Amino acid sequence: MAPILEVRNLRTQFSGPNGYVTVVDGVSLTLAQGETLAIVGESGSGKSVTAMSILRVLPEPPARIAGGEVLLEGRDLLKLDEEAMRAVRGHQISMIFQEPMTSLNPVMTIGDQIVEALCEHRDISQDDAFAEAVALLERVRIPDAKRRVLEYPHRLSGGMRQRVMIAMALACRPQILIADEPTTALDVTVQAQILTLLAKLQSEFGMGILLITHNLGVVARVAQRVMVMYAGRVVEEAPVGPLFKHPLHPYTEGLLGATPRMHSDAEEGARQRLVDIPGTVPLPDKLPPGCAFAPRCPKVFDRCLKERPELVTNRDGRKTACFLTQERTA
Amino acid sequence: MTMATESVGAGAARRASRERLARYLARRFGQAAITLIAIVILNFVILHLAPGDAIDVLAGESGGAGPEYLAQMRKSYGLDQPIYVQMVQYLWNVAQLNFGFSFRNNVSVLELIMSRLPATLLLMIASILLSFTAGVLLGVFAARRVNTFADNAVSVLALLCYATPLFWFGLMAIVLFTVKLGWLPGNGMYTIAANFNWFEATIDVLRHLALPALSLALFHMAVYTRLMRASMLEIYGLDYIRTARAKGLSQRRIAFRHVLPNAILPMVTMLGLQVGALLGGAVLVETVFGWPGLGRLAFDAILQRDHNLLIGILLFSSALVIVANLITDLVYAMLDPRIEVA
Ligand SMILES: Nc1ncnc2c1ncn2[C@@H]1O[C@H](COP(=O)(O)OP(=O)(O)O)[C@@H](O)[C@H]1O
Ligand SMILES: [Mg+2]
């Protein structure tokens with residue numbers, strides 16, 4: 001199927017004390033209708049910046065999108081002016097965020113916040129929009145929606161607020177939903193509920209989902225394809241099954257290493273996993289000259305320290321950026 | 001729009017929140033009353049710490065009076081009673097709005113204060129409105145153009161207003177607008193002996209009000225401008241503003257519907273504090289502009305050692321500040337739904 005979203009060679013930078021620092025470096029991805037693409041990677045690997053660059057909601061300055069294309073049905077979003085871009089946000093592409101507790105305006109009722117999204121993009125009366133807001137809240141399984149719609153966010157739990165965020169994001173039936181760690185801040189049972197809800201809504205609305213997470217358990221449940229990011233670059237991309245069965249990149253291997261041990265608390269599991277790969281993600285302005293993962297890689301050899309591996313497609317159609325696997329499978 | 005679909009459940013929720021509001025009000029009024037009583041007692045104590053009493057003052061002024069006459073006077077004023085009896089008497093008097101008599105002006109203190117209160121209230125309300133509105137507008141203006149020339153210009157202007165002494169600005173305003181340009185009157189509250197209808201009279205008072213209100217507003221306008229700008233910029237960095245942008249809202253709508261209503265909350269807190277400071281400023285402004293208000297009255301009372309009057313004004317001013325803070329708290333509770341008035 002032809003992708004609705006295609007990102008090519010996205011480069012995003014932040015201005016720092018010593019000039020611009022490249023935080024997202026040459027990221028490419030595609031997303032088809034009804035498909036879920038997961039982006040995984042440790043904290044600080046550039047997942048959120050990638051997502052926010054697609055929607056162009058990064059504060060500019062200090063951020064700047066230095067290159068690449070973001071093609072939505074063939075139209076490059078990076079070339080749109082602000083007005084045209086506004087018509088895309090919340091309409092064709094919506095986004096929900098990690099922190100449901102702080103992502104809603106505290107002095108506006110949740111109803112007004114949903115109505116606002118509806119009225120921005122659709123020719124709809126206030127009354128109709130309000131009725132629609134109630135319907136949306138019911139759709140995201142918020143009990144007693146008629147009453148809840150009049151309440152302020154602080155009266156709702158984290159899980160309920162994330163449902164409100166989802167209702168708001170889906171208000172205008174977007175083709176794409178970007179979910180940036182939508183369950184990380186929630187406790188485990190609520191996480192599962194939200195994921196189930198997202199999957200259900202996806203089958204009803206048919207939108208493509210770009211799901212950012214550092215929880216591989218989540219990936220296995222809902223995604224069809226996975227993109228692994230490290231230090232602002234894509235290091236591996238594959239369908240979920242093959243990736244879990246046979247990871248090619250040592251970093252992916254490292255990430256997967258801890259997942260089987262993930263039991264009751266997924267959050268705990270996520271934290272556990274970071275410890276399993278010794279060391280931390282290098283800061284974007286302190287990248288080593290060769291492969292960014294080389295200092296932590298158990299299989300490192302001298303070429304990795306001098307040269308940076310490109311993302312290459314091998315014979316099976318799988319993509320990695322690692323000399324080892326490229327040489328092995330070439 | 002919400003009425004059409006409001007359910008019975010929502011009605012019950014509203015009722016419950018109204019009851020909570022009533023309880024909250026009762027508690028805040030109770031606190032205000034206790035504060036006021038404390039101030040009255042404090043006043044009483046201060047009054048009695050000073051050596052001598054009203055009779056000494058009277059005697060000193062009328063020149064020579066026999067000790068028997070003084071004792072009789074004390075008895076007739078109740079000053080021979082034990083101190084706690086006097087205090088209860090004093091509290092009782094204040095409760096009846098009896099602040100005593102101003103011998104200097106030959107009228108009761110209450111009457112005197114009431115005759116001056118409207119002028120001061122007018123001046124204060126005008127400067128509060130002026131400084132708050134201008135501060136909000138300038139703050140929003142600057143925050144939306146952060147780090148541009150316009151933003152810097154607003155900052156410099158605010159700094160100037162902040163640093164200019166009130167009396168100096170007042171005098172310069174008189175020199176410029178009254179003496180040189182002749183645009184606005186620089187003394188008093190209305191034109192004396194003019195035969196105006198109500199409309200002309202209103203305009204006349206407003207013209208007299210302009211310079212003193214501006215002088216009094218200047219400092220707080222600067223405070224509000226800086227506070228509003230900082231508050232706006234802080235809110236701009238919060239998660240829910242990113243949400244608003246991700247919804248596709250315009251910059252304008254984000255600024256006025258999402259940032260401003262949140263950024264204005266700390267300003268409301270500031271309002272309550274401003275009232276106390278304004279009373280201090282009013283003494284200066286009313287003196288410079290010959291504005292017939294409480295500040296001017298207090299100034300005269302000090303010069304004339306009119307203790308009853310001074311104490312009365314202090315009590316009244318305290319009450320004013322307490323009421324203002326009460327109103328501020330209520331406004332805040334109305335603006336911020338997170339304040340669950342339990
Ligand atoms: N506003 C910002 N200013 C400067 N650097 C930033 C900013 N936001 C993110 N970064 C940098 O970009 C990198 C990637 O961040 P992010 O995309 O948030 O990672 P994650 O994969 O955890 O979502 C981090 O190293 C972070 O320091
Ligand atoms: Mg992130």
# chains A, B, ... in the order shown; residues from 1 in each chain; ligands from 1
>>> select_by_dssp(residues="range 6-222 of chain B", states="strand (DSSP E)", output="JSON list (two decimals) with N, CA, C and O atoms, in the first residue's frame")
[["chain", "number", "residue", "atom", "x", "y", "z"],
["B", 101, "PHE", "N", -14.11, 61.89, 68.26],
["B", 101, "PHE", "CA", -14.36, 63.22, 67.75],
["B", 101, "PHE", "C", -13.05, 63.87, 67.35],
["B", 101, "PHE", "O", -12.03, 63.71, 68.02],
["B", 102, "SER", "N", -13.05, 64.54, 66.22],
["B", 102, "SER", "CA", -11.86, 65.28, 65.83],
["B", 102, "SER", "C", -12.00, 66.70, 66.34],
["B", 102, "SER", "O", -12.75, 67.50, 65.79],
["B", 107, "VAL", "N", -15.72, 67.95, 64.03],
["B", 107, "VAL", "CA", -16.77, 67.03, 63.58],
["B", 107, "VAL", "C", -16.35, 65.64, 64.02],
["B", 107, "VAL", "O", -15.19, 65.42, 64.41],
["B", 108, "SER", "N", -17.27, 64.66, 63.94],
["B", 108, "SER", "CA", -16.91, 63.31, 64.33],
["B", 108, "SER", "C", -15.96, 62.72, 63.29],
["B", 108, "SER", "O", -16.02, 63.08, 62.10]]
>>> residues_near_ligand(ligand="ligand 1", cutoff="10 Å", atoms="only C-alpha atoms and all ligand atoms", output="PDB file with N, CA and C atoms, in the first residue's frame")
ATOM      1  N   THR A  12      17.115  17.636  12.203  1.00  0.00           N
ATOM      2  CA  THR A  12      16.663  18.696  13.097  1.00  0.00           C
ATOM      3  C   THR A  12      17.798  19.092  14.036  1.00  0.00           C
ATOM      4  N   GLN A  13      17.953  20.391  14.216  1.00  0.00           N
ATOM      5  CA  GLN A  13      19.056  20.885  15.039  1.00  0.00           C
ATOM      6  C   GLN A  13      18.540  21.823  16.131  1.00  0.00           C
ATOM      7  N   PHE A  14      19.323  21.911  17.182  1.00  0.00           N
ATOM      8  CA  PHE A  14      19.048  22.894  18.232  1.00  0.00           C
ATOM      9  C   PHE A  14      20.238  23.821  18.349  1.00  0.00           C
ATOM     10  N   SER A  15      19.979  25.093  18.527  1.00  0.00           N
ATOM     11  CA  SER A  15      21.104  26.000  18.697  1.00  0.00           C
ATOM     12  C   SER A  15      21.597  25.886  20.133  1.00  0.00           C
ATOM     13  N   GLY A  16      22.892  25.737  20.265  1.00  0.00           N
ATOM     14  CA  GLY A  16      23.519  25.630  21.578  1.00  0.00           C
ATOM     15  C   GLY A  16      24.582  26.704  21.720  1.00  0.00           C
ATOM     16  N   TYR A  20      24.909  25.239  16.117  1.00  0.00           N
ATOM     17  CA  TYR A  20      23.834  24.256  16.030  1.00  0.00           C
ATOM     18  C   TYR A  20      24.313  22.836  16.280  1.00  0.00           C
ATOM     19  N   VAL A  21      23.501  22.087  17.007  1.00  0.00           N
ATOM     20  CA  VAL A  21      23.787  20.687  17.287  1.00  0.00           C
ATOM     21  C   VAL A  21      22.715  19.848  16.605  1.00  0.00           C
ATOM     22  N   THR A  22      23.146  18.861  15.833  1.00  0.00           N
ATOM     23  CA  THR A  22      22.185  18.018  15.127  1.00  0.00           C
ATOM     24  C   THR A  22      21.670  16.928  16.061  1.00  0.00           C
ATOM     25  N   VAL A  23      20.356  16.937  16.269  1.00  0.00           N
ATOM     26  CA  VAL A  23      19.751  16.046  17.240  1.00  0.00           C
ATOM     27  C   VAL A  23      19.025  14.896  16.531  1.00  0.00           C
ATOM     28  N   VAL A  24      18.486  15.201  15.363  1.00  0.00           N
ATOM     29  CA  VAL A  24      17.910  14.159  14.520  1.00  0.00           C
ATOM     30  C   VAL A  24      18.657  14.224  13.193  1.00  0.00           C
ATOM     31  N   ILE A  39       8.468   3.565  17.102  1.00  0.00           N
ATOM     32  CA  ILE A  39       9.834   4.069  17.179  1.00  0.00           C
ATOM     33  C   ILE A  39      10.318   3.779  18.591  1.00  0.00           C
ATOM     34  N   VAL A  40      11.397   3.012  18.707  1.00  0.00           N
ATOM     35  CA  VAL A  40      11.907   2.709  20.039  1.00  0.00           C
ATOM     36  C   VAL A  40      13.341   3.198  20.173  1.00  0.00           C
ATOM     37  N   GLY A  41      13.789   3.258  21.387  1.00  0.00           N
ATOM     38  CA  GLY A  41      15.141   3.735  21.663  1.00  0.00           C
ATOM     39  C   GLY A  41      15.158   4.320  23.055  1.00  0.00           C
ATOM     40  N   GLU A  42      16.351   4.376  23.638  1.00  0.00           N
ATOM     41  CA  GLU A  42      16.455   4.918  24.977  1.00  0.00           C
ATOM     42  C   GLU A  42      16.106   6.401  24.987  1.00  0.00           C
ATOM     43  N   SER A  43      15.912   6.894  26.168  1.00  0.00           N
ATOM     44  CA  SER A  43      15.629   8.305  26.354  1.00  0.00           C
ATOM     45  C   SER A  43      16.775   9.150  25.796  1.00  0.00           C
ATOM     46  N   GLY A  44      16.430  10.198  25.058  1.00  0.00           N
ATOM     47  CA  GLY A  44      17.460  11.073  24.504  1.00  0.00           C
ATOM     48  C   GLY A  44      17.934  10.649  23.128  1.00  0.00           C
ATOM     49  N   SER A  45      17.267   9.660  22.514  1.00  0.00           N
ATOM     50  CA  SER A  45      17.743   9.223  21.203  1.00  0.00           C
ATOM     51  C   SER A  45      17.081   9.986  20.053  1.00  0.00           C
ATOM     52  N   GLY A  46      16.190  10.918  20.359  1.00  0.00           N
ATOM     53  CA  GLY A  46      15.641  11.793  19.319  1.00  0.00           C
ATOM     54  C   GLY A  46      14.265  11.397  18.828  1.00  0.00           C
ATOM     55  N   LYS A  47      13.571  10.556  19.554  1.00  0.00           N
ATOM     56  CA  LYS A  47      12.242  10.106  19.114  1.00  0.00           C
ATOM     57  C   LYS A  47      11.236  11.258  19.135  1.00  0.00           C
ATOM     58  N   SER A  48      11.195  11.968  20.272  1.00  0.00           N
ATOM     59  CA  SER A  48      10.224  13.054  20.390  1.00  0.00           C
ATOM     60  C   SER A  48      10.515  14.170  19.403  1.00  0.00           C
ATOM     61  N   VAL A  49      11.791  14.480  19.247  1.00  0.00           N
ATOM     62  CA  VAL A  49      12.149  15.558  18.329  1.00  0.00           C
ATOM     63  C   VAL A  49      11.744  15.177  16.900  1.00  0.00           C
ATOM     64  N   THR A  50      11.921  13.910  16.541  1.00  0.00           N
ATOM     65  CA  THR A  50      11.476  13.449  15.228  1.00  0.00           C
ATOM     66  C   THR A  50       9.972  13.697  15.063  1.00  0.00           C
ATOM     67  N   ALA A  51       9.208  13.264  16.077  1.00  0.00           N
ATOM     68  CA  ALA A  51       7.751  13.405  16.002  1.00  0.00           C
ATOM     69  C   ALA A  51       7.341  14.869  15.907  1.00  0.00           C
ATOM     70  N   MET A  52       7.953  15.687  16.747  1.00  0.00           N
ATOM     71  CA  MET A  52       7.551  17.096  16.758  1.00  0.00           C
ATOM     72  C   MET A  52       8.020  17.833  15.511  1.00  0.00           C
ATOM     73  N   SER A  53       9.082  17.320  14.874  1.00  0.00           N
ATOM     74  CA  SER A  53       9.509  17.915  13.615  1.00  0.00           C
ATOM     75  C   SER A  53       8.490  17.635  12.520  1.00  0.00           C
ATOM     76  N   LEU A  58       7.972  22.156  17.235  1.00  0.00           N
ATOM     77  CA  LEU A  58       9.128  22.493  18.065  1.00  0.00           C
ATOM     78  C   LEU A  58       9.249  24.008  18.153  1.00  0.00           C
ATOM     79  N   PRO A  59       9.707  24.525  19.274  1.00  0.00           N
ATOM     80  CA  PRO A  59       9.922  25.972  19.353  1.00  0.00           C
ATOM     81  C   PRO A  59      11.086  26.374  18.443  1.00  0.00           C
ATOM     82  N   GLU A  60      10.784  27.257  17.481  1.00  0.00           N
ATOM     83  CA  GLU A  60      11.844  27.700  16.557  1.00  0.00           C
ATOM     84  C   GLU A  60      12.057  29.195  16.712  1.00  0.00           C
ATOM     85  N   PRO A  61      13.143  29.715  17.168  1.00  0.00           N
ATOM     86  CA  PRO A  61      14.259  29.016  17.773  1.00  0.00           C
ATOM     87  C   PRO A  61      13.906  28.490  19.151  1.00  0.00           C
ATOM     88  N   PRO A  62      14.717  27.648  19.739  1.00  0.00           N
ATOM     89  CA  PRO A  62      16.073  27.231  19.383  1.00  0.00           C
ATOM     90  C   PRO A  62      16.131  26.126  18.323  1.00  0.00           C
ATOM     91  N   ALA A  63      14.988  25.486  18.029  1.00  0.00           N
ATOM     92  CA  ALA A  63      15.057  24.382  17.086  1.00  0.00           C
ATOM     93  C   ALA A  63      15.071  24.895  15.652  1.00  0.00           C
ATOM     94  N   GLN A  98       3.282  12.397  26.278  1.00  0.00           N
ATOM     95  CA  GLN A  98       3.610  11.502  27.380  1.00  0.00           C
ATOM     96  C   GLN A  98       2.930  11.891  28.688  1.00  0.00           C
ATOM     97  N   ASP A 180       3.295   9.962  21.441  1.00  0.00           N
ATOM     98  CA  ASP A 180       4.640  10.021  22.017  1.00  0.00           C
ATOM     99  C   ASP A 180       4.616   9.476  23.443  1.00  0.00           C
ATOM    100  N   GLU A 181       5.010   8.254  23.599  1.00  0.00           N
ATOM    101  CA  GLU A 181       5.002   7.563  24.886  1.00  0.00           C
ATOM    102  C   GLU A 181       3.676   7.779  25.625  1.00  0.00           C
ATOM    103  N   ILE A 212       5.553   6.107  19.640  1.00  0.00           N
ATOM    104  CA  ILE A 212       6.878   6.235  20.238  1.00  0.00           C
ATOM    105  C   ILE A 212       6.845   5.610  21.621  1.00  0.00           C
ATOM    106  N   THR A 213       7.840   4.784  21.900  1.00  0.00           N
ATOM    107  CA  THR A 213       7.851   4.134  23.207  1.00  0.00           C
ATOM    108  C   THR A 213       9.260   3.656  23.500  1.00  0.00           C
ATOM    109  N   HIS A 214       9.565   3.471  24.790  1.00  0.00           N
ATOM    110  CA  HIS A 214      10.790   2.706  25.017  1.00  0.00           C
ATOM    111  C   HIS A 214      10.449   1.405  25.724  1.00  0.00           C
ATOM    112  N   MET A 229      15.899   3.740  17.129  1.00  0.00           N
ATOM    113  CA  MET A 229      16.721   4.946  17.003  1.00  0.00           C
ATOM    114  C   MET A 229      17.791   4.978  18.076  1.00  0.00           C
ATOM    115  N   TYR A 230      18.945   5.491  17.676  1.00  0.00           N
ATOM    116  CA  TYR A 230      20.013   5.680  18.649  1.00  0.00           C
ATOM    117  C   TYR A 230      20.776   6.952  18.307  1.00  0.00           C
ATOM    118  N   ALA A 231      20.906   7.837  19.274  1.00  0.00           N
ATOM    119  CA  ALA A 231      21.653   9.084  19.099  1.00  0.00           C
ATOM    120  C   ALA A 231      21.237   9.838  17.837  1.00  0.00           C
ATOM    121  N   GLY A 232      19.931   9.956  17.615  1.00  0.00           N
ATOM    122  CA  GLY A 232      19.435  10.785  16.527  1.00  0.00           C
ATOM    123  C   GLY A 232      19.395  10.105  15.168  1.00  0.00           C
ATOM    124  N   VAL A 281      23.359   6.965  26.383  1.00  0.00           N
ATOM    125  CA  VAL A 281      23.306   7.579  25.059  1.00  0.00           C
ATOM    126  C   VAL A 281      24.209   8.808  25.063  1.00  0.00           C
ATOM    127  N   PRO A 282      25.129   8.928  24.082  1.00  0.00           N
ATOM    128  CA  PRO A 282      25.984  10.121  24.059  1.00  0.00           C
ATOM    129  C   PRO A 282      25.153  11.372  23.748  1.00  0.00           C
ATOM    130  N   LEU A 283      25.553  12.491  24.303  1.00  0.00           N
ATOM    131  CA  LEU A 283      24.857  13.744  24.000  1.00  0.00           C
ATOM    132  C   LEU A 283      25.088  14.108  22.545  1.00  0.00           C
ATOM    133  N   PRO A 284      24.117  14.765  21.904  1.00  0.00           N
ATOM    134  CA  PRO A 284      24.223  15.041  20.465  1.00  0.00           C
ATOM    135  C   PRO A 284      25.454  15.861  20.094  1.00  0.00           C
ATOM    136  N   ASP A 285      25.972  16.664  21.040  1.00  0.00           N
ATOM    137  CA  ASP A 285      27.149  17.465  20.688  1.00  0.00           C
ATOM    138  C   ASP A 285      28.456  16.751  21.063  1.00  0.00           C
ATOM    139  N   LYS A 286      28.321  15.526  21.553  1.00  0.00           N
ATOM    140  CA  LYS A 286      29.534  14.791  21.939  1.00  0.00           C
ATOM    141  C   LYS A 286      29.546  13.401  21.298  1.00  0.00           C
TER     142      LYS A 286
ATOM    143  N   GLY B 237       5.939  27.922  27.778  1.00  0.00           N
ATOM    144  CA  GLY B 237       6.797  26.741  27.768  1.00  0.00           C
ATOM    145  C   GLY B 237       6.119  25.480  28.292  1.00  0.00           C
TER     146      GLY B 237
END
>>> interface_residues(of="chain A", to="chain B", cutoff="7 Å", atoms="only C-alpha atoms", output="JSON, numbers by chain")
{"A": [57, 86, 87, 89, 90, 94, 95, 102, 103, 104, 105, 107, 117, 120, 126, 127, 146, 147, 152, 154]}
>>> atom_distance(atom1="CA of Arg303 in chain A", atom2="CA of Gln326 in chain A")
12.6 Å
>>> select_by_dssp(residues="range 58-276 of chain A", states="helix (DSSP H, G or I)", output="PyMOL selection string")
chain A and resi 77-79+82-88+110-121+126-139+145-148+153-155+158-170+188-205+216-222+240-245+250-261+266-276
>>> residues_around(residues="range 109-111 of chain B", least_positions_apart="5", cutoff="12 Å", atoms="only C-alpha atoms", output="PyMOL selection string")
chain B and resi 93-94+96-104+116-117+294+297-298+301+306-316
>>> atom_distance(atom1="CA of Phe196 in chain B", atom2="CA of Ile128 in chain B")
27.9 Å
>>> residues_around(residues="Gly135 in chain B", least_positions_apart="3", cutoff="12 Å", atoms="only C-alpha atoms", output="PyMOL selection string")
chain B and resi 127-132+138-143+154-155+157-158+161+217-231+264+267-268+270-271
>>> write_last_selection(atoms="N, CA and C atoms", output="mmCIF file, in the first residue's frame")
data_model
loop_
_atom_site.group_PDB
_atom_site.id
_atom_site.type_symbol
_atom_site.label_atom_id
_atom_site.label_comp_id
_atom_site.auth_asym_id
_atom_site.auth_seq_id
_atom_site.Cartn_x
_atom_site.Cartn_y
_atom_site.Cartn_z
ATOM 1 N N SER B 127 -6.563 54.085 39.505
ATOM 2 C CA SER B 127 -5.174 53.671 39.274
ATOM 3 C C SER B 127 -5.042 52.164 39.183
ATOM 4 N N ILE B 128 -5.862 51.440 39.932
ATOM 5 C CA ILE B 128 -5.788 49.974 39.820
ATOM 6 C C ILE B 128 -6.194 49.539 38.412
ATOM 7 N N LEU B 129 -7.313 50.076 37.931
ATOM 8 C CA LEU B 129 -7.774 49.714 36.587
ATOM 9 C C LEU B 129 -6.718 50.071 35.552
ATOM 10 N N LEU B 130 -6.192 51.283 35.700
ATOM 11 C CA LEU B 130 -5.205 51.777 34.743
ATOM 12 C C LEU B 130 -3.955 50.897 34.750
ATOM 13 N N SER B 131 -3.407 50.657 35.945
ATOM 14 C CA SER B 131 -2.147 49.918 36.010
ATOM 15 C C SER B 131 -2.352 48.457 35.603
ATOM 16 N N PHE B 132 -3.462 47.875 36.017
ATOM 17 C CA PHE B 132 -3.698 46.464 35.692
ATOM 18 C C PHE B 132 -3.898 46.279 34.184
ATOM 19 N N LEU B 138 0.552 45.520 27.963
ATOM 20 C CA LEU B 138 1.972 45.650 27.630
ATOM 21 C C LEU B 138 2.700 44.316 27.817
ATOM 22 N N GLY B 139 2.349 43.600 28.874
ATOM 23 C CA GLY B 139 2.991 42.311 29.138
ATOM 24 C C GLY B 139 2.716 41.309 28.032
ATOM 25 N N VAL B 140 1.447 41.245 27.600
ATOM 26 C CA VAL B 140 1.078 40.336 26.512
ATOM 27 C C VAL B 140 1.794 40.753 25.225
ATOM 28 N N PHE B 141 1.764 42.046 24.968
ATOM 29 C CA PHE B 141 2.423 42.586 23.773
ATOM 30 C C PHE B 141 3.895 42.179 23.747
ATOM 31 N N ALA B 142 4.573 42.390 24.870
ATOM 32 C CA ALA B 142 6.010 42.102 24.926
ATOM 33 C C ALA B 142 6.280 40.600 24.814
ATOM 34 N N ALA B 143 5.467 39.799 25.514
ATOM 35 C CA ALA B 143 5.716 38.350 25.523
ATOM 36 C C ALA B 143 5.521 37.748 24.134
ATOM 37 N N VAL B 154 9.465 47.946 25.540
ATOM 38 C CA VAL B 154 8.524 47.828 26.660
ATOM 39 C C VAL B 154 9.285 47.645 27.975
ATOM 40 N N SER B 155 10.329 46.836 27.937
ATOM 41 C CA SER B 155 11.119 46.616 29.151
ATOM 42 C C SER B 155 11.738 47.906 29.663
ATOM 43 N N LEU B 157 10.714 50.977 29.048
ATOM 44 C CA LEU B 157 9.622 51.818 29.533
ATOM 45 C C LEU B 157 9.212 51.402 30.949
ATOM 46 N N ALA B 158 9.085 50.103 31.148
ATOM 47 C CA ALA B 158 8.686 49.598 32.468
ATOM 48 C C ALA B 158 9.730 49.962 33.514
ATOM 49 N N CYS B 161 9.340 53.620 34.433
ATOM 50 C CA CYS B 161 8.181 53.832 35.305
ATOM 51 C C CYS B 161 8.464 53.308 36.706
ATOM 52 N N ALA B 217 -0.591 55.213 39.329
ATOM 53 C CA ALA B 217 -0.636 53.931 38.612
ATOM 54 C C ALA B 217 0.733 53.516 38.082
ATOM 55 N N LEU B 218 1.589 54.502 37.848
ATOM 56 C CA LEU B 218 2.814 54.258 37.098
ATOM 57 C C LEU B 218 3.659 53.103 37.636
ATOM 58 N N PHE B 219 3.929 53.155 38.924
ATOM 59 C CA PHE B 219 4.790 52.158 39.535
ATOM 60 C C PHE B 219 4.214 50.752 39.342
ATOM 61 N N HIS B 220 2.938 50.602 39.658
ATOM 62 C CA HIS B 220 2.355 49.276 39.552
ATOM 63 C C HIS B 220 2.143 48.833 38.110
ATOM 64 N N MET B 221 1.981 49.804 37.226
ATOM 65 C CA MET B 221 1.905 49.452 35.822
ATOM 66 C C MET B 221 3.198 48.740 35.412
ATOM 67 N N ALA B 222 4.312 49.279 35.879
ATOM 68 C CA ALA B 222 5.605 48.660 35.579
ATOM 69 C C ALA B 222 5.687 47.268 36.195
ATOM 70 N N VAL B 223 5.255 47.158 37.445
ATOM 71 C CA VAL B 223 5.292 45.858 38.123
ATOM 72 C C VAL B 223 4.450 44.839 37.357
ATOM 73 N N TYR B 224 3.247 45.260 36.972
ATOM 74 C CA TYR B 224 2.347 44.345 36.265
ATOM 75 C C TYR B 224 2.899 43.972 34.892
ATOM 76 N N THR B 225 3.479 44.939 34.202
ATOM 77 C CA THR B 225 4.021 44.651 32.883
ATOM 78 C C THR B 225 5.079 43.562 32.966
ATOM 79 N N ARG B 226 5.991 43.737 33.904
ATOM 80 C CA ARG B 226 7.077 42.763 34.031
ATOM 81 C C ARG B 226 6.556 41.413 34.486
ATOM 82 N N LEU B 227 5.635 41.447 35.434
ATOM 83 C CA LEU B 227 5.075 40.188 35.943
ATOM 84 C C LEU B 227 4.307 39.449 34.842
ATOM 85 N N MET B 228 3.513 40.215 34.086
ATOM 86 C CA MET B 228 2.694 39.603 33.043
ATOM 87 C C MET B 228 3.573 39.011 31.949
ATOM 88 N N ARG B 229 4.610 39.731 31.576
ATOM 89 C CA ARG B 229 5.507 39.231 30.533
ATOM 90 C C ARG B 229 6.160 37.929 30.992
ATOM 91 N N ALA B 230 6.700 37.942 32.200
ATOM 92 C CA ALA B 230 7.374 36.753 32.720
ATOM 93 C C ALA B 230 6.392 35.585 32.840
ATOM 94 N N SER B 231 5.197 35.898 33.315
ATOM 95 C CA SER B 231 4.193 34.865 33.509
ATOM 96 C C SER B 231 3.782 34.255 32.165
ATOM 97 N N ILE B 264 -2.558 35.234 33.909
ATOM 98 C CA ILE B 264 -3.114 36.352 34.664
ATOM 99 C C ILE B 264 -3.312 35.993 36.141
ATOM 100 N N MET B 267 -1.113 37.621 38.616
ATOM 101 C CA MET B 267 -1.394 39.063 38.618
ATOM 102 C C MET B 267 -2.506 39.387 39.607
ATOM 103 N N VAL B 268 -3.475 38.492 39.700
ATOM 104 C CA VAL B 268 -4.603 38.726 40.607
ATOM 105 C C VAL B 268 -4.116 38.737 42.060
ATOM 106 N N MET B 270 -1.259 39.669 42.961
ATOM 107 C CA MET B 270 -0.554 40.945 43.094
ATOM 108 C C MET B 270 -1.518 42.087 43.390
ATOM 109 N N LEU B 271 -2.702 41.998 42.798
ATOM 110 C CA LEU B 271 -3.711 43.052 42.990
ATOM 111 C C LEU B 271 -3.983 43.314 44.472
#
>>> decode(residues="range 210-218 of chain A", atoms="N, CA and C atoms", output="CSV table (one decimal), in the first residue's frame")
chain,number,residue,atom,x,y,z
A,210,LEU,N,1.9,6.5,14.6
A,210,LEU,CA,3.3,6.5,14.8
A,210,LEU,C,3.5,6.4,16.3
A,211,LEU,N,3.9,5.3,16.8
A,211,LEU,CA,3.9,5.0,18.3
A,211,LEU,C,5.3,5.1,18.8
A,212,ILE,N,5.6,6.1,19.6
A,212,ILE,CA,6.9,6.2,20.2
A,212,ILE,C,6.8,5.6,21.6
A,213,THR,N,7.8,4.8,21.9
A,213,THR,CA,7.9,4.1,23.2
A,213,THR,C,9.3,3.7,23.5
A,214,HIS,N,9.6,3.5,24.8
A,214,HIS,CA,10.8,2.7,25.0
A,214,HIS,C,10.4,1.4,25.7
A,215,ASN,N,9.2,1.0,25.5
A,215,ASN,CA,8.7,-0.2,26.1
A,215,ASN,C,8.5,-1.3,25.0
A,216,LEU,N,9.4,-2.2,25.0
A,216,LEU,CA,9.2,-3.2,23.9
A,216,LEU,C,8.0,-4.1,24.0
A,217,GLY,N,7.6,-4.3,25.2
A,217,GLY,CA,6.3,-5.0,25.5
A,217,GLY,C,5.2,-4.4,24.7
A,218,VAL,N,5.1,-3.1,24.8
A,218,VAL,CA,4.1,-2.3,24.0
A,218,VAL,C,4.2,-2.6,22.6
